[in-house]
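K.L.:
For reference, this is query29.txt, and it has compact mmCIF, C-alpha atoms and all ligand atoms.
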```
# COMPACT_ATOMS: atom_id res chain seq x y z
CA MET A 1 80.78 118.08 162.92
CA PHE A 2 79.53 115.44 160.58
CA ASP A 3 75.85 114.92 160.12
CA PHE A 4 75.25 112.74 157.12
CA THR A 5 71.51 113.29 157.21
CA ASP A 6 72.17 116.48 155.27
CA ARG A 7 73.62 114.40 152.41
CA LYS A 8 70.49 113.75 150.43
CA MET A 9 69.94 111.28 147.64
CA THR A 10 69.60 114.04 145.07
CA GLU A 11 73.34 114.52 144.87
CA LYS A 12 75.53 112.30 142.71
CA HIS A 13 77.35 109.95 145.01
CA ALA A 14 79.77 107.00 145.11
CA ILE A 15 78.72 105.44 148.44
CA ARG A 16 75.10 105.11 149.59
CA ILE A 17 74.14 104.72 153.24
CA ILE A 18 71.01 102.64 153.80
CA GLY A 19 69.41 102.24 157.23
CA ALA A 20 68.12 98.71 157.85
CA PRO A 21 66.35 99.03 161.23
CA PHE A 22 65.55 95.35 161.69
CA ASP A 23 65.98 93.24 164.84
CA GLY A 24 63.39 90.54 164.29
CA THR A 25 65.62 87.53 165.07
CA VAL A 26 67.80 88.74 167.95
CA SER A 27 68.47 86.03 170.48
CA PHE A 28 69.14 87.98 173.69
CA ARG A 29 68.49 91.73 174.11
CA PRO A 30 66.50 93.51 171.37
CA GLY A 31 66.92 97.11 170.24
CA ALA A 32 69.17 97.06 167.17
CA ARG A 33 66.26 98.45 165.15
CA PHE A 34 67.08 101.82 166.75
CA GLY A 35 70.69 101.65 165.55
CA PRO A 36 70.58 103.69 162.32
CA ALA A 37 68.75 106.62 163.93
CA ALA A 38 71.16 106.65 166.88
CA ILE A 39 74.20 106.61 164.58
CA ARG A 40 72.81 109.57 162.66
CA ALA A 41 72.10 111.48 165.87
CA ALA A 42 75.57 110.76 167.28
CA SER A 43 77.26 111.64 163.99
CA ASP A 44 76.36 115.26 164.62
CA GLY A 45 78.99 115.38 167.37
CA ILE A 46 81.82 113.82 165.37
CA GLU A 47 84.37 115.76 163.33
CA THR A 48 84.41 115.17 159.58
CA TYR A 49 88.20 114.82 159.58
CA SER A 50 90.01 111.60 160.46
CA PRO A 51 93.53 112.36 161.69
CA ILE A 52 94.60 108.73 161.29
CA LEU A 53 93.40 108.37 157.71
CA GLY A 54 94.20 111.97 156.79
CA LEU A 55 90.87 112.26 155.00
CA ASP A 56 87.78 114.40 155.43
CA LEU A 57 84.15 113.46 154.83
CA GLU A 58 83.65 116.89 153.29
CA SER A 59 85.64 115.78 150.28
CA ILE A 60 84.22 112.33 149.63
CA SER A 61 81.18 111.38 147.64
CA TYR A 62 78.40 109.71 149.61
CA SER A 63 74.74 110.12 150.40
CA ASP A 64 72.23 108.88 152.97
CA SER A 65 69.07 107.31 151.57
CA GLY A 66 67.44 107.12 155.02
CA ASP A 67 65.86 104.07 156.62
CA LEU A 68 64.07 101.28 154.79
CA GLU A 69 60.53 100.55 155.88
CA LEU A 70 60.66 96.96 157.03
CA PRO A 71 57.79 94.69 158.15
CA MET A 72 59.43 93.60 161.41
CA GLY A 73 57.29 90.48 161.87
CA CYS A 74 58.15 89.07 158.46
CA VAL A 75 61.79 88.10 158.14
CA GLU A 76 61.72 87.01 154.48
CA ARG A 77 59.98 90.17 153.29
CA SER A 78 62.29 92.39 155.36
CA LEU A 79 65.32 90.72 153.80
CA GLY A 80 63.68 91.12 150.40
CA VAL A 81 63.30 94.89 150.89
CA ILE A 82 66.98 95.15 151.88
CA ARG A 83 67.98 93.08 148.85
CA GLU A 84 66.06 95.44 146.53
CA ALA A 85 67.75 98.49 148.04
CA VAL A 86 71.21 96.97 147.60
CA ASP A 87 70.36 95.86 144.06
CA ASP A 88 69.45 99.49 143.32
CA CYS A 89 72.92 100.54 144.50
CA LEU A 90 74.57 98.04 142.19
CA VAL A 91 72.45 99.17 139.24
CA ASP A 92 73.48 102.75 140.01
CA SER A 93 77.16 101.68 140.40
CA VAL A 94 77.39 102.97 143.96
CA ILE A 95 78.82 101.16 146.99
CA PRO A 96 76.10 100.05 149.45
CA PHE A 97 76.78 100.81 153.12
CA LEU A 98 74.13 99.27 155.37
CA LEU A 99 73.51 100.44 158.91
CA GLY A 100 71.86 97.74 161.04
CA GLY A 101 69.88 96.53 162.58
CA GLU A 102 70.92 93.05 163.59
CA HIS A 103 73.50 91.04 161.70
CA LEU A 104 70.98 89.14 159.57
CA VAL A 105 70.53 92.30 157.47
CA SER A 106 73.97 91.58 155.96
CA LEU A 107 72.76 88.36 154.28
CA PRO A 108 70.69 89.88 151.44
CA ALA A 109 73.31 92.59 150.95
CA ILE A 110 76.15 90.09 150.57
CA GLU A 111 73.99 87.94 148.27
CA ALA A 112 73.33 90.91 146.01
CA VAL A 113 76.96 92.04 145.94
CA TYR A 114 78.17 88.47 145.32
CA GLU A 115 75.90 88.21 142.29
CA LYS A 116 77.68 91.20 140.76
CA TYR A 117 81.16 90.18 141.99
CA PRO A 118 81.51 86.37 141.83
CA ASP A 119 85.10 86.49 143.10
CA LEU A 120 83.95 88.33 146.25
CA VAL A 121 85.56 87.74 149.64
CA VAL A 122 83.85 88.60 152.94
CA ILE A 123 85.69 90.02 155.94
CA GLN A 124 83.71 89.76 159.18
CA LEU A 125 84.52 91.56 162.42
CA ASP A 126 82.46 90.10 165.25
CA ALA A 127 82.58 88.68 168.76
CA HIS A 128 80.46 85.76 167.58
CA ALA A 129 81.07 83.15 164.93
CA ASP A 130 77.52 83.40 163.48
CA GLN A 131 78.23 80.01 161.93
CA ARG A 132 75.35 78.01 163.41
CA GLU A 133 73.44 75.69 161.11
CA ASP A 134 70.30 76.95 162.84
CA TYR A 135 69.31 78.75 166.01
CA LEU A 136 66.39 77.07 167.83
CA GLY A 137 65.44 75.52 164.50
CA VAL A 138 65.56 78.83 162.61
CA LYS A 139 68.04 79.15 159.75
CA LEU A 140 67.45 82.84 159.06
CA SER A 141 68.87 84.18 162.32
CA HIS A 142 71.61 86.62 163.16
CA ALA A 143 73.40 83.69 164.82
CA CYS A 144 73.58 81.90 161.44
CA VAL A 145 74.41 84.69 159.02
CA MET A 146 77.96 83.62 158.13
CA ARG A 147 76.87 80.00 157.73
CA ARG A 148 74.26 81.11 155.19
CA VAL A 149 76.82 83.32 153.45
CA GLY A 150 79.26 80.38 153.28
CA GLU A 151 76.64 78.29 151.48
CA PHE A 152 76.81 80.40 148.36
CA LEU A 153 80.16 82.15 148.74
CA GLY A 154 82.17 79.18 150.06
CA GLN A 155 83.70 79.24 153.53
CA GLU A 156 87.13 79.47 151.89
CA ASN A 157 86.24 83.01 150.83
CA ILE A 158 85.49 84.21 154.38
CA GLN A 159 87.88 85.58 156.99
CA GLN A 160 86.68 86.28 160.54
CA LEU A 161 88.38 88.57 163.08
CA GLY A 162 87.65 89.15 166.74
CA ILE A 163 85.66 85.94 167.19
CA ARG A 164 85.62 84.78 170.80
CA SER A 165 82.30 83.00 171.15
CA GLY A 166 80.71 80.05 169.41
CA THR A 167 79.65 76.44 169.80
CA ARG A 168 82.02 73.51 169.50
CA ASP A 169 80.54 72.76 166.07
CA GLU A 170 81.08 76.34 164.92
CA TYR A 171 84.71 76.27 166.02
CA GLN A 172 85.24 72.93 164.28
CA LEU A 173 83.81 74.35 161.06
CA MET A 174 85.94 77.50 161.30
CA HIS A 175 89.13 75.52 162.01
CA GLU A 176 88.44 73.11 159.15
CA ASN A 177 87.95 75.99 156.73
CA GLY A 178 90.67 78.25 158.12
CA THR A 179 88.32 81.23 158.42
CA LEU A 180 89.67 82.52 161.73
CA THR A 181 92.39 85.14 161.93
CA THR A 182 93.43 87.90 164.35
CA PHE A 183 94.28 91.59 164.55
CA LEU A 184 97.98 90.87 165.15
CA THR A 185 100.08 92.86 162.70
CA ALA A 186 101.47 89.77 160.95
CA ASP A 187 97.99 88.30 160.55
CA LEU A 188 96.62 91.56 159.16
CA ASP A 189 99.45 91.66 156.63
CA ASP A 190 98.60 88.08 155.63
CA LEU A 191 94.93 89.06 155.36
CA ILE A 192 95.67 91.90 152.97
CA ALA A 193 97.87 89.58 150.88
CA TRP A 194 95.13 86.93 150.90
CA ILE A 195 92.57 89.47 149.65
CA GLY A 196 94.90 90.57 146.86
CA ASP A 197 92.92 92.39 144.19
CA ARG A 198 89.67 90.57 144.88
CA PRO A 199 86.57 92.65 145.72
CA VAL A 200 85.69 92.78 149.43
CA TYR A 201 82.46 92.94 151.39
CA LEU A 202 83.27 94.21 154.89
CA THR A 203 80.76 93.36 157.61
CA VAL A 204 81.38 94.91 161.02
CA ASP A 205 79.34 93.52 163.89
CA LEU A 206 80.09 96.24 166.40
CA ASP A 207 80.07 93.77 169.29
CA VAL A 208 83.61 92.97 168.15
CA PHE A 209 84.49 95.88 170.45
CA ASP A 210 84.94 95.21 174.14
CA PRO A 211 81.75 95.80 176.13
CA ALA A 212 83.73 98.29 178.24
CA SER A 213 83.75 100.67 175.28
CA PHE A 214 80.65 99.34 173.52
CA PRO A 215 78.01 98.11 175.96
CA GLY A 216 75.11 99.13 173.72
CA THR A 217 74.63 95.85 171.92
CA GLY A 218 72.30 92.90 172.18
CA THR A 219 74.84 90.18 172.92
CA PRO A 220 77.90 91.69 174.64
CA GLU A 221 80.95 89.46 174.89
CA PRO A 222 83.97 90.20 177.11
CA GLY A 223 87.45 90.26 175.60
CA GLY A 224 86.86 92.52 172.63
CA ILE A 225 89.04 94.96 170.73
CA ASP A 226 89.62 98.63 171.49
CA TRP A 227 89.32 101.64 169.21
CA TRP A 228 92.98 101.65 168.23
CA THR A 229 92.88 98.09 167.03
CA PHE A 230 89.95 98.92 164.80
CA GLN A 231 91.79 101.99 163.56
CA ARG A 232 94.83 99.92 162.54
CA PHE A 233 92.57 97.47 160.75
CA ILE A 234 90.55 100.06 158.85
CA LYS A 235 93.66 101.90 157.72
CA LEU A 236 94.88 98.71 156.07
CA MET A 237 91.54 98.27 154.33
CA GLN A 238 92.21 101.50 152.46
CA GLY A 239 94.33 99.49 150.07
CA CYS A 240 91.52 97.05 149.21
CA GLU A 241 88.65 97.28 146.76
CA VAL A 242 85.66 97.34 149.11
CA VAL A 243 82.45 96.97 147.07
CA GLY A 244 79.95 96.69 149.93
CA LEU A 245 79.96 97.13 153.69
CA ASP A 246 77.88 97.34 156.81
CA ALA A 247 77.97 98.20 160.52
CA VAL A 248 75.45 96.28 162.60
CA GLU A 249 74.21 95.39 166.09
CA LEU A 250 74.20 98.78 167.80
CA ALA A 251 71.30 98.68 170.28
CA PRO A 252 71.54 102.25 171.54
CA LYS A 253 68.98 102.11 174.33
CA LEU A 254 71.12 99.53 176.17
CA ASP A 255 73.73 102.24 176.80
CA THR A 256 72.24 105.26 178.52
CA SER A 257 75.54 107.15 178.22
CA ASP A 258 75.18 107.10 174.39
CA CYS A 259 78.91 106.37 174.12
CA SER A 260 78.18 103.23 172.10
CA SER A 261 76.31 105.31 169.52
CA VAL A 262 79.23 107.74 169.34
CA LEU A 263 81.68 104.88 168.83
CA ALA A 264 79.43 103.44 166.09
CA ALA A 265 79.21 106.82 164.35
CA LYS A 266 82.98 107.18 164.46
CA CYS A 267 83.37 103.69 163.00
CA VAL A 268 81.00 104.67 160.21
CA ARG A 269 83.09 107.76 159.49
CA GLU A 270 86.31 105.75 159.31
CA MET A 271 84.68 103.07 157.15
CA LEU A 272 83.28 105.69 154.76
CA LEU A 273 86.69 107.31 154.46
CA ALA A 274 88.59 104.03 154.12
CA VAL A 275 86.47 102.80 151.20
CA SER A 276 86.39 106.20 149.53
CA VAL A 277 89.76 105.74 147.83
CA GLY A 278 89.27 106.63 144.21
CA GLN A 279 85.87 108.13 145.01
CA HIS A 280 86.91 111.63 145.97
CA LEU A 281 85.01 114.68 144.83
MN MN B 1 77.24 88.94 164.27
MN MN B 2 78.15 89.49 167.35
```
Could I get this structure in the form of structure tokens?
P.N.:
Amino acid sequence: MFDFTDRKMTEKHAIRIIGAPFDGTVSFRPGARFGPAAIRAASDGIETYSPILGLDLESISYSDSGDLELPMGCVERSLGVIREAVDDCLVDSVIPFLLGGEHLVSLPAIEAVYEKYPDLVVIQLDAHADQREDYLGVKLSHACVMRRVGEFLGQENIQQLGIRSGTRDEYQLMHENGTLTTFLTADLDDLIAWIGDRPVYLTVDLDVFDPASFPGTGTPEPGGIDWWTFQRFIKLMQGCEVVGLDAVELAPKLDTSDCSSVLAAKCVREMLLAVSVGQHL
């Protein structure tokens, strides 16, 4: 069983888990604020060993710093608290691993990591483009997070996988900038070649999974990937230098079976293991 709540901050570590229980801008069904706690609870039922990656959480260096205290009604301040926590990681030379929360929590994390790694590329797994200029007049929304990231990072440094929903304008922007790719083997090989030796921020909006296996999310979208597709992807990421990552948009109370929380916890395990290369105890 893996229960990362017993990995306390006192230990020296290479990867730091940070809960960001924020869902202040969700557009459809709220509840992502309960994501980090549900992932921790579900992690207790998951083995520490990944047979696909051949690695065990028992032998990698990470810790869980718990959940941030976020003023839910104040978006800017909440993002500021997340930014400070990620900055602390970078000062301590540890890899930040955010657990959302909604997708907007990735924005301050990517900003902080980009400041340290100016040649950063961002890989986004998501059902949704998140490339809106604004959502109902609001620019700081989970529906706009990749658009905001593109403003400082450059859209040419973003690759998006699993996208199957967006406005006409979003699709035009993504086509113009060539940000869209797929999980087909040839495309994944091209993706890894495109990344090269550049540092990577990996942001996984868990609604990239099909709602059949992951119904516990605020904005479910039919036509998503299955577990094995994710597994193939994450195994390839082992060869990359991931310097920051997150898993967002689990809204556990929307799935009374708790299977979504279990899937999220298993994703977190695989992501921890995949980025742990060179970080072993
Ligand atoms: Mn998203
Ligand atoms: Mn999404």
K.L.:
Tell me, as a list in words, which residues lie within 6 Å of stretch 25-39 of chain A, counting only C-alpha atoms; anything in the same chain fewer than 3 positions away does not count.
P.N.:
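Counting only the stated atoms, we get Gly19, Pro21, Phe22, Ala42, Ser43, Leu99, Gly101, Glu102, Ser141, Gly218, Glu249, Leu250, Ala251, Ser261 and Ala265 of chain A.
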K.L.:
For ligand MN 1 (chain B), list the contacting residues at 9 Å or closer, counting all atoms listed in the file, as an mmCIF file with C-alpha atoms, in the coordinates of the input.
P.N.:
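Now in pocket.cif:
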```
data_model
loop_
_atom_site.group_PDB
_atom_site.id
_atom_site.type_symbol
_atom_site.label_atom_id
_atom_site.label_comp_id
_atom_site.auth_asym_id
_atom_site.auth_seq_id
_atom_site.Cartn_x
_atom_site.Cartn_y
_atom_site.Cartn_z
ATOM 1 C CA GLU A 102 70.920 93.050 163.590
ATOM 2 C CA HIS A 103 73.500 91.040 161.700
ATOM 3 C CA LEU A 104 70.980 89.140 159.570
ATOM 4 C CA GLN A 124 83.710 89.760 159.180
ATOM 5 C CA LEU A 125 84.520 91.560 162.420
ATOM 6 C CA ASP A 126 82.460 90.100 165.250
ATOM 7 C CA ALA A 127 82.580 88.680 168.760
ATOM 8 C CA HIS A 128 80.460 85.760 167.580
ATOM 9 C CA ALA A 129 81.070 83.150 164.930
ATOM 10 C CA ASP A 130 77.520 83.400 163.480
ATOM 11 C CA HIS A 142 71.610 86.620 163.160
ATOM 12 C CA ALA A 143 73.400 83.690 164.820
ATOM 13 C CA CYS A 144 73.580 81.900 161.440
ATOM 14 C CA VAL A 145 74.410 84.690 159.020
ATOM 15 C CA MET A 146 77.960 83.620 158.130
ATOM 16 C CA THR A 203 80.760 93.360 157.610
ATOM 17 C CA VAL A 204 81.380 94.910 161.020
ATOM 18 C CA ASP A 205 79.340 93.520 163.890
ATOM 19 C CA LEU A 206 80.090 96.240 166.400
ATOM 20 C CA ASP A 207 80.070 93.770 169.290
ATOM 21 C CA VAL A 208 83.610 92.970 168.150
ATOM 22 C CA VAL A 248 75.450 96.280 162.600
ATOM 23 C CA GLU A 249 74.210 95.390 166.090
#
```
K.L.:
Show which residues sit within 12 Å of A:Phe152, as a count of residues only. Count all atoms listed in the file, and ignore same-chain residues fewer than 5 positions away.
P.N.:
18
K.L.:
Rank nothing, just name the residue among A:Gly137, A:Gly45, A:Gly154, A:Gly216 nearest to ligand MN 2 (chain B), using only C-alpha atoms and all ligand atoms.
P.N.:
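With only C-alpha atoms and all ligand atoms as the atom set, the closest residue is A:Gly216.
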K.L.:
Nearest residue to A:Arg232 out of A:Thr185, A:Ser106, A:Thr217, A:Thr256, using only C-alpha atoms?
P.N.:
A:Thr185
K.L.:
Using atom MN of ligand MN 2 (chain B) and atom CA of A:Ser260 as the two end points, give the distance in Å to one decimal.
P.N.:
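Computed distance, atom MN of ligand MN 2 (chain B) to atom CA of A:Ser260, equals 14.5 Å.
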K.L.:
Which residue out of A:Tyr117, A:Tyr201, A:Phe209, A:Tyr62 has the minimum interatomic distance to ligand MN 2 (chain B) when all atoms listed in the file are used?
P.N.:
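With all atoms listed in the file as the atom set, the closest residue is A:Phe209.
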K.L.:
With all atoms listed in the file as the basis for distance, which of A:Asp190, A:Arg132, A:His13, A:Ile195 is at the shortest distance from A:Asp169?
P.N.:
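Among A:Asp190, A:Arg132, A:His13, A:Ile195, it is A:Arg132 that comes nearest to A:Asp169.
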K.L.:
Have a look at atom CA of A:Ala14 and atom CA of A:Glu47 and let me know their distance in Å, one decimal.
P.N.:
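Here the two named atoms are 20.7 Å from each other.
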K.L.:
Could you please determine the separation between atom CA of A:Glu69 and atom CA of A:Ile17 in Å, to one decimal place?
P.N.:
14.5 Å
K.L.:
Can you pull out every residue within 9 Å of A:Cys259, counting only C-alpha atoms, but drop anything in the same chain fewer than 5 positions away, and send it as a PDB file with C-alpha atoms, keeping the file's coordinate frame?
P.N.:
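This went into part_17.pdb:
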```
ATOM      1  CA  ALA A  42      75.570 110.760 167.280  1.00  0.00           C
ATOM      2  CA  SER A 213      83.750 100.670 175.280  1.00  0.00           C
ATOM      3  CA  PHE A 214      80.650  99.340 173.520  1.00  0.00           C
ATOM      4  CA  PRO A 215      78.010  98.110 175.960  1.00  0.00           C
ATOM      5  CA  GLY A 216      75.110  99.130 173.720  1.00  0.00           C
ATOM      6  CA  PRO A 252      71.540 102.250 171.540  1.00  0.00           C
ATOM      7  CA  ALA A 264      79.430 103.440 166.090  1.00  0.00           C
TER       8      ALA A 264
END
```
K.L.:
Emit as AutoDock Vina command-line options the padded axis-aligned box for all listed atoms of stretch 89-96 of chain A, 6 Å per side, with centre and edge lengths in Å to one decimal.
P.N.:
```
--center_x 75.6 --center_y 100.5 --center_z 144.3 --size_x 18.4 --size_y 16.9 --size_z 22.2
```
K.L.:
Please provide the set of residues having any atom within 6 Å of stretch 87-98 of chain A, restricted to all atoms listed in the file, with same-chain residues fewer than 5 positions apart removed, written as a ChimeraX atom specification.
P.N.:
/A:14-19,243-246
K.L.:
Atoms to include: C-alpha atoms. Write the selected residues as a PDB file, in the frame of the given file.
P.N.:
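Result file follows (result.pdb):
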```pdb
ATOM      1  CA  ALA A  14      79.770 107.000 145.110  1.00  0.00           C
ATOM      2  CA  ILE A  15      78.720 105.440 148.440  1.00  0.00           C
ATOM      3  CA  ARG A  16      75.100 105.110 149.590  1.00  0.00           C
ATOM      4  CA  ILE A  17      74.140 104.720 153.240  1.00  0.00           C
ATOM      5  CA  ILE A  18      71.010 102.640 153.800  1.00  0.00           C
ATOM      6  CA  GLY A  19      69.410 102.240 157.230  1.00  0.00           C
ATOM      7  CA  VAL A 243      82.450  96.970 147.070  1.00  0.00           C
ATOM      8  CA  GLY A 244      79.950  96.690 149.930  1.00  0.00           C
ATOM      9  CA  LEU A 245      79.960  97.130 153.690  1.00  0.00           C
ATOM     10  CA  ASP A 246      77.880  97.340 156.810  1.00  0.00           C
TER      11      ASP A 246
END
```
K.L.:
Out of A:Glu176, A:Asp64, A:Gln238, A:Asp210, which residue has the shortest atom-to-atom distance to A:Leu273 when counting all atoms listed in the file?
P.N.:
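Among the listed residues, the smallest separation from A:Leu273 belongs to A:Gln238.
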K.L.:
Choose the residue, out of A:Ile123, A:Ile163, A:Leu68, A:Val81, that has the smallest atom-to-atom separation from ligand MN 2 (chain B); count only C-alpha atoms and all ligand atoms.
P.N.:
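Among the listed residues, the smallest separation from ligand MN 2 (chain B) belongs to A:Ile163.
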